[in-house]
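File shown: my_file26.cif. Contents: mmCIF, C-alpha atoms and all ligand atoms.
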data_protein
#
loop_
_atom_site.label_atom_id
_atom_site.label_comp_id
_atom_site.auth_asym_id
_atom_site.auth_seq_id
_atom_site.Cartn_x
_atom_site.Cartn_y
_atom_site.Cartn_z
CA MET A 1 44.58 127.54 103.94
CA THR A 2 42.32 128.70 101.04
CA PRO A 3 42.49 126.72 97.72
CA THR A 4 44.03 129.72 95.99
CA ARG A 5 46.82 130.06 98.56
CA LEU A 6 47.28 126.25 98.52
CA THR A 7 47.67 126.33 94.76
CA THR A 8 50.08 129.24 94.92
CA ARG A 9 52.20 127.48 97.58
CA ALA A 10 52.15 124.25 95.61
CA LEU A 11 53.29 126.17 92.54
CA HIS A 12 56.18 127.72 94.49
CA VAL A 13 57.26 124.28 95.76
CA ALA A 14 57.00 122.80 92.28
CA ALA A 15 59.00 125.67 90.81
CA ALA A 16 61.72 125.29 93.46
CA ALA A 17 61.88 121.52 92.86
CA THR A 18 62.17 122.08 89.12
CA LEU A 19 64.97 124.57 89.59
CA LEU A 20 66.78 122.23 91.95
CA CYS A 21 66.51 119.31 89.52
CA ALA A 22 67.59 121.55 86.68
CA SER A 23 70.63 122.75 88.60
CA LEU A 24 71.53 119.19 89.68
CA SER A 25 71.07 117.82 86.17
CA ALA A 26 73.01 120.77 84.77
CA ARG A 27 75.87 119.99 87.19
CA ALA A 28 75.62 116.20 86.78
CA GLY A 29 78.35 115.07 84.45
CA GLU A 30 79.98 111.87 83.28
CA VAL A 31 83.52 110.67 83.87
CA GLU A 32 84.91 107.97 81.62
CA VAL A 33 87.50 106.11 83.71
CA LEU A 34 90.29 103.99 82.22
CA HIS A 35 91.62 101.46 84.72
CA TYR A 36 92.82 97.85 84.90
CA TRP A 37 91.28 96.70 88.16
CA THR A 38 89.40 93.59 87.08
CA SER A 39 90.34 90.88 89.60
CA GLY A 40 88.11 90.11 92.62
CA GLY A 41 89.69 92.50 95.10
CA GLU A 42 90.50 95.11 92.47
CA ALA A 43 86.94 95.16 91.12
CA LYS A 44 85.51 95.66 94.61
CA ALA A 45 87.87 98.60 95.13
CA ALA A 46 86.99 100.04 91.73
CA SER A 47 83.29 99.83 92.59
CA ALA A 48 84.02 101.93 95.68
CA LEU A 49 85.44 104.61 93.39
CA LYS A 50 82.41 104.34 91.09
CA ALA A 51 80.00 104.68 94.06
CA THR A 52 81.92 107.73 95.28
CA LEU A 53 81.53 109.47 91.93
CA GLN A 54 77.85 108.54 91.72
CA GLY A 55 77.42 109.85 95.24
CA LYS A 56 78.45 113.23 93.88
CA GLY A 57 75.59 113.03 91.37
CA HIS A 58 77.77 112.15 88.38
CA SER A 59 77.81 109.05 86.21
CA TRP A 60 80.75 106.68 85.74
CA LYS A 61 81.54 105.37 82.28
CA ASP A 62 83.66 102.27 82.88
CA PHE A 63 86.63 101.73 80.61
CA ALA A 64 88.31 98.71 82.16
CA VAL A 65 91.21 97.09 80.31
CA ALA A 66 92.10 93.76 81.93
CA GLY A 67 95.72 92.82 82.46
CA GLY A 68 97.60 92.89 85.76
CA GLY A 69 100.27 95.53 86.02
CA GLY A 70 98.54 97.75 83.46
CA ASP A 71 100.69 97.28 80.34
CA SER A 72 97.63 96.56 78.17
CA ALA A 73 95.72 99.50 79.66
CA MET A 74 98.58 101.89 78.89
CA THR A 75 98.73 100.68 75.27
CA VAL A 76 94.99 101.33 74.84
CA LEU A 77 95.31 104.73 76.54
CA LYS A 78 98.03 105.80 74.11
CA SER A 79 95.82 104.90 71.11
CA ARG A 80 92.88 106.78 72.60
CA VAL A 81 94.90 109.95 73.23
CA VAL A 82 96.62 109.84 69.84
CA SER A 83 93.20 109.64 68.19
CA GLY A 84 92.07 112.73 70.12
CA ASN A 85 89.66 110.76 72.26
CA ALA A 86 91.21 110.69 75.71
CA PRO A 87 89.13 109.36 78.60
CA ALA A 88 88.33 111.92 81.30
CA ALA A 89 90.35 110.00 83.91
CA ALA A 90 93.01 107.31 83.63
CA GLN A 91 94.96 105.16 86.09
CA ILE A 92 98.40 106.63 85.48
CA LYS A 93 101.23 106.69 88.00
CA GLY A 94 104.87 107.43 88.69
CA PRO A 95 107.19 108.88 86.01
CA SER A 96 104.58 108.26 83.30
CA ILE A 97 102.64 111.16 84.84
CA GLN A 98 105.58 113.35 83.79
CA GLU A 99 105.60 111.80 80.31
CA TRP A 100 101.89 112.55 79.85
CA GLY A 101 102.31 115.99 81.43
CA ASN A 102 105.00 116.82 78.86
CA GLU A 103 102.44 116.03 76.14
CA GLY A 104 100.26 118.87 77.48
CA VAL A 105 97.15 116.66 77.68
CA LEU A 106 96.58 116.60 81.45
CA ALA A 107 94.15 118.89 83.25
CA ASN A 108 95.43 121.18 86.01
CA LEU A 109 94.02 120.18 89.40
CA ASP A 110 95.60 122.99 91.45
CA ASP A 111 92.20 124.56 92.25
CA VAL A 112 90.93 121.28 93.76
CA ALA A 113 94.24 120.63 95.51
CA LYS A 114 94.34 124.11 97.04
CA ALA A 115 90.69 124.10 98.10
CA ASN A 116 91.23 120.73 99.82
CA ASN A 117 94.70 121.39 101.22
CA TRP A 118 96.35 118.40 99.48
CA ASP A 119 99.89 119.62 100.18
CA ALA A 120 99.27 119.29 103.92
CA LEU A 121 97.35 116.01 103.59
CA LEU A 122 99.93 114.09 101.54
CA PRO A 123 103.46 112.94 102.33
CA LYS A 124 105.87 114.85 100.07
CA VAL A 125 107.05 111.56 98.52
CA VAL A 126 103.44 111.15 97.30
CA SER A 127 102.51 114.74 96.33
CA ASP A 128 105.76 115.10 94.33
CA VAL A 129 104.68 112.20 92.10
CA MET A 130 101.26 113.83 91.47
CA LYS A 131 102.72 117.10 90.16
CA HIS A 132 104.02 118.09 86.75
CA LYS A 133 106.18 121.23 86.80
CA GLY A 134 104.82 122.01 90.26
CA HIS A 135 101.13 121.70 89.30
CA TYR A 136 98.84 118.89 90.45
CA VAL A 137 97.74 116.76 87.49
CA ALA A 138 96.91 113.52 89.32
CA VAL A 139 95.34 112.38 92.57
CA PRO A 140 96.58 109.39 94.65
CA VAL A 141 94.21 106.64 95.78
CA ASN A 142 96.63 104.55 97.85
CA VAL A 143 100.10 103.38 98.80
CA HIS A 144 100.75 99.73 97.94
CA ARG A 145 103.72 97.93 99.48
CA VAL A 146 105.31 95.59 96.91
CA ASN A 147 107.92 93.76 99.04
CA TRP A 148 105.50 91.32 100.66
CA LEU A 149 105.50 87.53 101.06
CA TRP A 150 102.08 85.84 101.44
CA ALA A 151 101.66 82.31 102.80
CA ASN A 152 99.04 79.74 103.73
CA PRO A 153 99.71 78.90 107.42
CA GLU A 154 97.93 75.56 107.26
CA VAL A 155 100.17 74.45 104.39
CA LEU A 156 103.28 75.65 106.21
CA LYS A 157 102.21 73.71 109.29
CA LYS A 158 101.64 70.51 107.34
CA ALA A 159 105.12 70.85 105.88
CA ASN A 160 106.56 71.67 109.29
CA ALA A 161 107.88 74.87 107.71
CA LYS A 162 108.02 78.47 108.94
CA MET A 163 107.55 81.93 107.46
CA PRO A 164 111.05 82.88 106.25
CA THR A 165 112.71 86.16 107.27
CA ASN A 166 115.71 85.93 104.90
CA TRP A 167 116.55 84.17 101.64
CA ASP A 168 118.40 81.25 103.25
CA GLU A 169 115.29 80.53 105.34
CA PHE A 170 113.11 81.03 102.24
CA PHE A 171 114.80 78.13 100.45
CA VAL A 172 114.59 75.90 103.55
CA THR A 173 110.84 76.57 103.66
CA ALA A 174 110.50 76.08 99.90
CA GLU A 175 112.31 72.73 100.11
CA ALA A 176 110.06 71.57 102.96
CA LEU A 177 106.94 72.53 100.98
CA LYS A 178 108.26 70.66 97.94
CA LYS A 179 108.84 67.54 100.05
CA ALA A 180 105.29 67.88 101.37
CA GLY A 181 104.01 67.74 97.80
CA VAL A 182 102.89 71.39 97.64
CA ILE A 183 103.92 73.95 95.02
CA PRO A 184 106.31 76.07 97.11
CA VAL A 185 105.94 79.36 95.19
CA ALA A 186 102.81 80.46 93.30
CA HIS A 187 103.95 82.60 90.36
CA GLY A 188 102.61 84.02 87.13
CA GLY A 189 105.12 84.16 84.28
CA GLN A 190 104.49 87.71 83.08
CA ASN A 191 107.30 90.24 82.91
CA TRP A 192 105.88 92.53 85.59
CA GLN A 193 105.47 89.55 87.95
CA ASP A 194 108.97 88.31 87.22
CA PHE A 195 110.29 91.78 88.05
CA THR A 196 108.13 92.03 91.18
CA THR A 197 109.98 88.96 92.45
CA PHE A 198 113.34 90.20 91.14
CA GLU A 199 113.14 93.56 92.87
CA SER A 200 112.29 91.95 96.21
CA VAL A 201 115.30 89.66 95.83
CA ALA A 202 117.47 92.68 94.94
CA LEU A 203 116.21 94.58 97.99
CA GLY A 204 116.65 91.61 100.31
CA VAL A 205 120.08 90.55 99.05
CA GLY A 206 121.58 93.97 98.30
CA GLY A 207 119.74 96.36 100.59
CA ALA A 208 118.08 99.73 99.87
CA ASP A 209 121.23 101.60 98.88
CA PHE A 210 122.20 98.95 96.34
CA TYR A 211 118.59 98.77 95.08
CA ARG A 212 118.47 102.54 94.53
CA LYS A 213 121.88 102.74 92.86
CA ALA A 214 121.38 99.70 90.60
CA LEU A 215 117.68 99.78 89.73
CA VAL A 216 116.64 103.42 90.17
CA GLN A 217 119.80 105.28 89.17
CA LEU A 218 120.66 102.44 86.74
CA ASP A 219 124.33 102.77 87.69
CA ALA A 220 126.34 100.49 85.39
CA GLY A 221 128.86 99.62 88.12
CA SER A 222 126.01 98.34 90.32
CA LEU A 223 124.15 96.57 87.53
CA LYS A 224 127.28 94.53 86.82
CA GLY A 225 129.01 93.45 90.01
CA ALA A 226 129.27 90.85 92.76
CA THR A 227 126.04 91.90 94.49
CA MET A 228 123.99 91.79 91.28
CA GLN A 229 125.54 88.40 90.52
CA LYS A 230 124.27 87.15 93.90
CA VAL A 231 120.84 88.70 93.26
CA LEU A 232 120.51 86.97 89.88
CA THR A 233 121.65 83.62 91.29
CA THR A 234 119.12 83.87 94.14
CA PHE A 235 116.40 85.00 91.72
CA ARG A 236 116.95 81.99 89.46
CA LYS A 237 116.86 79.66 92.49
CA VAL A 238 113.32 80.93 93.24
CA LYS A 239 112.19 79.75 89.80
CA GLY A 240 113.11 76.18 90.74
CA TYR A 241 110.24 76.26 93.26
CA THR A 242 107.50 77.40 90.85
CA ASP A 243 105.30 75.04 88.85
CA LYS A 244 105.37 74.21 85.13
CA ASN A 245 102.05 76.01 84.53
CA ALA A 246 103.40 79.35 85.80
CA PRO A 247 104.11 80.90 82.36
CA GLY A 248 101.37 83.43 81.50
CA ARG A 249 99.37 82.82 84.67
CA ASP A 250 97.55 85.94 85.96
CA TRP A 251 98.74 87.13 89.38
CA ASN A 252 95.34 86.68 91.05
CA LEU A 253 95.18 83.04 89.90
CA ALA A 254 98.52 82.53 91.63
CA THR A 255 97.05 84.09 94.77
CA ALA A 256 94.08 81.72 94.47
CA MET A 257 96.53 78.78 94.54
CA VAL A 258 97.75 79.95 97.97
CA ILE A 259 94.15 80.51 99.13
CA ARG A 260 93.22 76.94 98.13
CA GLY A 261 96.39 75.48 99.65
CA GLU A 262 97.78 74.23 96.35
CA ALA A 263 100.79 76.51 96.87
CA GLY A 264 102.52 77.65 100.02
CA MET A 265 103.81 81.14 99.24
CA GLN A 266 103.54 84.07 96.83
CA LEU A 267 105.85 87.06 96.44
CA MET A 268 103.48 89.89 95.46
CA GLY A 269 102.37 93.39 96.34
CA ASP A 270 99.52 93.84 98.80
CA TRP A 271 96.84 93.94 96.10
CA ALA A 272 97.12 90.19 96.71
CA LYS A 273 95.62 90.85 100.14
CA GLY A 274 92.56 92.23 98.32
CA GLU A 275 92.10 88.74 96.85
CA PHE A 276 92.35 87.02 100.24
CA ILE A 277 89.85 89.51 101.70
CA ALA A 278 87.47 89.17 98.74
CA ALA A 279 87.60 85.38 99.30
CA GLY A 280 86.54 85.93 102.92
CA LYS A 281 89.93 85.01 104.37
CA ALA A 282 91.29 86.51 107.60
CA PRO A 283 94.89 87.67 108.02
CA GLY A 284 96.85 85.77 110.67
CA LYS A 285 94.36 82.90 110.48
CA ASP A 286 93.83 81.95 106.80
CA PHE A 287 96.87 83.73 105.40
CA LEU A 288 100.09 85.27 106.65
CA CYS A 289 101.76 88.48 105.48
CA ALA A 290 105.42 89.30 106.07
CA ALA A 291 108.02 91.51 104.45
CA ALA A 292 109.72 89.70 101.56
CA PRO A 293 112.82 87.90 102.87
CA GLY A 294 115.51 90.30 104.08
CA THR A 295 113.38 93.43 103.49
CA ALA A 296 111.63 93.97 106.85
CA ASN A 297 113.43 97.32 107.29
CA ALA A 298 112.56 98.51 103.78
CA PHE A 299 109.44 99.46 101.84
CA THR A 300 108.97 99.29 98.05
CA PHE A 301 106.18 101.72 97.24
CA ASN A 302 103.67 101.67 94.40
CA ILE A 303 101.19 104.56 94.41
CA ASP A 304 98.08 104.18 92.28
CA SER A 305 96.74 107.46 91.01
CA PHE A 306 94.32 108.95 88.51
CA ALA A 307 95.28 111.70 86.12
CA MET A 308 92.53 113.84 84.61
CA PHE A 309 92.78 114.55 80.89
CA LYS A 310 91.81 117.83 79.22
CA ILE A 311 88.35 117.11 77.77
CA LYS A 312 86.31 118.83 75.09
CA ASN A 313 82.93 118.32 76.77
CA THR A 314 83.04 121.10 79.35
CA ALA A 315 79.81 119.75 80.94
CA ASN A 316 82.02 117.08 82.50
CA LEU A 317 84.68 119.39 83.92
CA GLN A 318 82.92 119.68 87.28
CA ALA A 319 82.52 115.90 87.39
CA GLN A 320 86.27 115.50 86.89
CA LYS A 321 87.03 117.92 89.69
CA ASP A 322 84.46 116.33 92.00
CA MET A 323 86.03 112.93 91.36
CA ALA A 324 89.51 114.23 92.20
CA ALA A 325 88.25 115.86 95.39
CA ALA A 326 86.28 112.75 96.42
CA ILE A 327 89.32 110.47 95.99
CA MET A 328 91.18 112.44 98.64
CA SER A 329 88.28 112.31 101.12
CA PRO A 330 88.87 110.27 104.31
CA GLU A 331 85.75 108.21 103.59
CA PHE A 332 86.94 107.10 100.15
CA GLN A 333 90.54 106.59 101.26
CA GLU A 334 89.29 104.21 103.96
CA THR A 335 86.69 102.26 101.95
CA PHE A 336 88.85 101.90 98.86
CA ASN A 337 91.99 100.75 100.67
CA LEU A 338 90.15 98.30 102.92
CA ASN A 339 89.16 96.53 99.68
CA LYS A 340 92.35 97.09 97.67
CA GLY A 341 94.81 95.74 100.26
CA SER A 342 96.80 98.99 100.26
CA ILE A 343 96.98 101.81 102.81
CA PRO A 344 95.60 105.35 102.38
CA ALA A 345 97.74 107.91 100.60
CA ARG A 346 96.24 110.60 102.87
CA LEU A 347 98.08 111.28 106.13
CA ASN A 348 96.68 110.93 109.65
CA MET A 349 93.99 108.47 108.70
CA ASP A 350 92.30 106.43 111.46
CA MET A 351 93.64 102.90 110.85
CA ALA A 352 91.26 101.24 113.37
CA LYS A 353 89.34 99.33 110.69
CA PHE A 354 92.51 98.14 108.96
CA ASP A 355 94.05 94.71 109.64
CA ASP A 356 97.50 93.99 111.07
CA CYS A 357 99.11 93.70 107.62
CA ALA A 358 97.94 97.23 106.75
CA LYS A 359 98.93 98.57 110.16
CA LEU A 360 102.43 97.12 109.69
CA SER A 361 102.57 98.66 106.23
CA SER A 362 101.48 102.06 107.55
CA LYS A 363 104.05 101.95 110.38
CA ASP A 364 106.83 100.85 108.04
CA PHE A 365 105.93 103.49 105.44
CA VAL A 366 106.65 106.22 107.99
CA ALA A 367 109.69 104.45 109.49
CA THR A 368 111.37 103.73 106.16
CA ALA A 369 110.84 107.32 104.98
CA LYS A 370 112.85 108.38 108.03
CA SER A 371 115.56 105.71 107.60
CA ASN A 372 115.88 106.32 103.84
CA THR A 373 114.91 102.72 103.06
CA LEU A 374 111.68 103.72 101.29
CA VAL A 375 112.24 102.89 97.60
CA PRO A 376 110.11 103.12 94.43
CA SER A 377 108.97 99.95 92.66
CA ILE A 378 110.44 99.51 89.19
CA ALA A 379 108.04 96.66 88.39
CA HIS A 380 105.09 99.01 88.99
CA GLY A 381 106.20 102.07 87.15
CA MET A 382 107.39 104.22 90.03
CA ALA A 383 111.10 104.51 89.36
CA VAL A 384 112.40 104.96 85.83
CA SER A 385 111.16 105.99 82.38
CA SER A 386 108.69 103.65 80.69
CA ALA A 387 111.28 102.86 78.04
CA ALA A 388 114.04 101.89 80.48
CA GLU A 389 111.55 99.98 82.65
CA GLY A 390 110.35 97.93 79.70
CA ALA A 391 113.89 97.16 78.56
CA ILE A 392 115.22 95.99 81.94
CA LYS A 393 112.02 94.00 82.61
CA ASP A 394 112.60 92.13 79.35
CA VAL A 395 116.18 91.25 80.33
CA VAL A 396 115.10 89.95 83.73
CA SER A 397 112.34 87.83 82.18
CA GLN A 398 114.73 86.51 79.54
CA PHE A 399 117.06 85.45 82.37
CA TRP A 400 114.15 83.84 84.31
CA ASN A 401 113.03 81.93 81.21
CA THR A 402 116.43 80.97 79.77
CA ASP A 403 118.29 78.56 82.03
CA SER A 404 121.32 78.73 79.74
CA MET A 405 121.74 82.47 80.24
CA THR A 406 124.49 83.19 82.77
CA PRO A 407 124.34 86.00 85.37
CA GLU A 408 127.25 87.63 83.51
CA GLN A 409 125.28 87.69 80.25
CA ALA A 410 122.24 89.03 82.06
CA MET A 411 124.29 91.80 83.68
CA ASP A 412 125.76 92.86 80.33
CA ARG A 413 122.21 93.06 78.93
CA LEU A 414 121.00 94.99 81.98
CA VAL A 415 123.74 97.59 81.48
CA ALA A 416 122.75 97.96 77.82
CA ALA A 417 119.01 98.03 78.59
CA ALA A 418 119.51 100.73 81.24
CA LYS A 419 120.64 103.11 78.49
CA THR A 420 117.26 102.86 76.71
CA LYS A 421 115.67 106.32 76.41
C1 LIG A 501 99.82 97.28 89.93
C2 LIG A 501 98.74 98.24 90.39
C3 LIG A 501 97.93 97.61 91.48
C4 LIG A 501 97.43 96.24 91.06
C5 LIG A 501 98.50 95.40 90.36
C6 LIG A 501 97.95 94.16 89.70
O1 LIG A 501 100.63 97.89 88.98
O2 LIG A 501 99.37 99.42 90.88
O3 LIG A 501 96.84 98.46 91.81
O4 LIG A 501 96.34 96.42 90.24
O5 LIG A 501 99.18 96.14 89.38
O6 LIG A 501 97.17 94.47 88.59
#
Could you take the file, read its structure, and then write that structure out as structure tokens?
Amino acid sequence: MTPTRLTTRALHVAAAATLLCASLSARAGEVEVLHYWTSGGEAKAASALKATLQGKGHSWKDFAVAGGGGDSAMTVLKSRVVSGNAPAAAQIKGPSIQEWGNEGVLANLDDVAKANNWDALLPKVVSDVMKHKGHYVAVPVNVHRVNWLWANPEVLKKANAKMPTNWDEFFVTAEALKKAGVIPVAHGGQNWQDFTTFESVALGVGGADFYRKALVQLDAGSLKGATMQKVLTTFRKVKGYTDKNAPGRDWNLATAMVIRGEAGMQLMGDWAKGEFIAAGKAPGKDFLCAAAPGTANAFTFNIDSFAMFKIKNTANLQAQKDMAAAIMSPEFQETFNLNKGSIPARLNMDMAKFDDCAKLSSKDFVATAKSNTLVPSIAHGMAVSSAAEGAIKDVVSQFWNTDSMTPEQAMDRLVAAAKTK
């Protein structure tokens, strides 16, 4: 090849490379992501989301607000949006998606959803939550099961105790652990953790129909009655098996107590499994998972999702859409949920890499949808308005923390709190 032709060819290649870089850099955007995944397992899952976005050629601006359950994150989000400085994406879920949608601040994702066939890829119970007035405004990353009981098998063995399947057995096991000198129940005294325990007791003692009527429909006759009285009495009995340092403890520190064998059991959603996995523990060997007592035929769901906000910097619009599309990809749904402890939101996923806890969760998710025992978690923002949720959580925590409060007084306050708009 003559020098002239070589030079010409080199120039063509250089020009093409420049154009390609220019187009990539022109398309490359930034997504600022508000989330509250800061514990061991959560952070690993969040890094999977970050890597997915970066894999699309975009940059991730991390806006993590620590605080299990997300109350702090939602407070910060409100201040950001009010000041006209919304992040591009935020971890928003359940009825609060409707509340934000009504504010007119969420971006429409219908083009991404249609191009990627989301309606066919998601169970209706999931896609319904992601839509505001029939339009997609959020994308689901997972399905967490909340009604789980976690235990350290070695500690159970030392106490000659077994994994309980109902609340009577739970207290037998708790008593045996206490006698063996182990903290029976690892708990963190924060209102969302108190309610996580409360709603599993309500589901186990009262069943799915009672749970729905009392805690989702907020029916006064169910909030104040013999079944709720039994739920509250059982709930208070659980407190007797927690330790004096429980108040204010973060949920993942409670999980760490079970991992280290200082405590025998924890009632918590399966993000706790993310902590066991991050600590290198194996299900069935180092920790046990089972439905919370009396709830094996029911499933309390908590779907994490990201809503995209309308943004002024249109250079980042494509990055937002690419992030939404990537979240629904099989690759992300697998990698993220293997780390997070949850199961994919996307249907027909290959569960081969998932452990037995996740496989049980996936099987029960389908079964309970059919048997109408699939219920939304109140503790995790899936069931009622933010205002009502906050009010009834406060009553339940007051009852947990005030030994002098009677179930009757608590029920009267629940009925009043349920009316909060
Ligand atoms: C839930 C959230 C989970 C997990 C948990 C503890 O509300 O949906 O993803 O993060 O809080 O922070």
Return the single residue from A:Leu347, A:Leu77, A:Ala307, A:Val112 that is closest to Val129 of chain A, with distances computed using all atoms listed in the file. A:Ala307
Proximity check chain A to ligand LIG 501 (chain A), 8 Å, nearest pairs one decimal Å, only C-alpha atoms and all ligand atoms, as JSON lines:
{"residue": "A:Tyr36", "atom": "CA", "partner": "A:LIG501", "partner_atom": "O4", "distance": 6.6}
{"residue": "A:Trp37", "atom": "CA", "partner": "A:LIG501", "partner_atom": "O4", "distance": 5.5}
{"residue": "A:Thr38", "atom": "CA", "partner": "A:LIG501", "partner_atom": "O6", "distance": 8.0}
{"residue": "A:Ser39", "atom": "CA", "partner": "A:LIG501", "partner_atom": "O6", "distance": 7.8}
{"residue": "A:Glu42", "atom": "CA", "partner": "A:LIG501", "partner_atom": "O4", "distance": 6.4}
{"residue": "A:Gly67", "atom": "CA", "partner": "A:LIG501", "partner_atom": "O6", "distance": 6.5}
{"residue": "A:Gly68", "atom": "CA", "partner": "A:LIG501", "partner_atom": "O6", "distance": 3.3}
{"residue": "A:Gly69", "atom": "CA", "partner": "A:LIG501", "partner_atom": "O5", "distance": 3.6}
{"residue": "A:Gly70", "atom": "CA", "partner": "A:LIG501", "partner_atom": "O1", "distance": 5.9}
{"residue": "A:His144", "atom": "CA", "partner": "A:LIG501", "partner_atom": "O2", "distance": 7.2}
{"residue": "A:Trp251", "atom": "CA", "partner": "A:LIG501", "partner_atom": "C6", "distance": 7.1}
{"residue": "A:Gly269", "atom": "CA", "partner": "A:LIG501", "partner_atom": "C5", "distance": 7.4}
{"residue": "A:Trp271", "atom": "CA", "partner": "A:LIG501", "partner_atom": "C4", "distance": 5.6}
{"residue": "A:Asn302", "atom": "CA", "partner": "A:LIG501", "partner_atom": "O2", "distance": 6.0}
{"residue": "A:Ile303", "atom": "CA", "partner": "A:LIG501", "partner_atom": "O2", "distance": 6.5}
{"residue": "A:Asp304", "atom": "CA", "partner": "A:LIG501", "partner_atom": "O2", "distance": 5.1}
{"residue": "A:Lys340", "atom": "CA", "partner": "A:LIG501", "partner_atom": "O3", "distance": 7.5}
{"residue": "A:Ala379", "atom": "CA", "partner": "A:LIG501", "partner_atom": "O1", "distance": 7.5}
{"residue": "A:His380", "atom": "CA", "partner": "A:LIG501", "partner_atom": "O1", "distance": 4.6}
{"residue": "A:Gly381", "atom": "CA", "partner": "A:LIG501", "partner_atom": "O1", "distance": 7.2}
One decimal, in Å: what's the spacing between atom CA of Ile343 of chain A and atom CA of Ala369 of chain A? 15.1 Å
Which residue gives the smallest distance to Lys370 of chain A among A:Asn297, A:Asp128, A:Glu103, A:Lys50, with all atoms listed in the file counted? A:Asn297
Excluding same-chain residues fewer than 4 positions from Ile327 of chain A, what lies within 10 Å of it counting only C-alpha atoms, as a ChimeraX atom specification? /A:49,52-53,139-142,305-306,322-323,331-333,336,345-346
Taking 2 positions as the minimum chain separation for residues in the same chain, which residues sit within 9 Å of Ala263 of chain A when counting all atoms listed in the file? Answer as a compact mmCIF listing (two decimals) with C-alpha atoms, keeping the file's coordinate frame.
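New file part-v3.txt:
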# COMPACT_ATOMS: atom_id res chain seq x y z
CA ALA A 151 101.66 82.31 102.80
CA ASN A 152 99.04 79.74 103.73
CA VAL A 155 100.17 74.45 104.39
CA LEU A 177 106.94 72.53 100.98
CA VAL A 182 102.89 71.39 97.64
CA ILE A 183 103.92 73.95 95.02
CA PRO A 184 106.31 76.07 97.11
CA VAL A 185 105.94 79.36 95.19
CA ALA A 186 102.81 80.46 93.30
CA ALA A 254 98.52 82.53 91.63
CA THR A 255 97.05 84.09 94.77
CA ALA A 256 94.08 81.72 94.47
CA MET A 257 96.53 78.78 94.54
CA VAL A 258 97.75 79.95 97.97
CA ILE A 259 94.15 80.51 99.13
CA ARG A 260 93.22 76.94 98.13
CA GLY A 261 96.39 75.48 99.65
CA MET A 265 103.81 81.14 99.24
CA GLN A 266 103.54 84.07 96.83
Contacts of Ala388 of chain A at 10 Å or less, counting all atoms listed in the file, minus same-chain residues fewer than 5 places along, as a list in words? Leu218, Ile378, Ala383, Lys393, Asp394, Leu414, Ala416, Ala417, Ala418, Lys419, Thr420 and Lys421 of chain A
Do a neighbour search on Ser127 of chain A at 8 Å with all atoms listed in the file, toss out local chain neighbours closer than 5 positions, and write the hits as a tab-separated table (two decimals) with C-alpha atoms, in the coordinates of the input.
chain	number	residue	atom	x	y	z
A	118	TRP	CA	96.35	118.40	99.48
A	119	ASP	CA	99.89	119.62	100.18
A	122	LEU	CA	99.93	114.09	101.54
Please list as a PyMOL selection string every residue within 12 Å of Lys61 of chain A, counting only C-alpha atoms and excluding residues in the same chain fewer than 4 positions away. chain A and resi 29-35+47+49-51+53-54+87-90+316+319
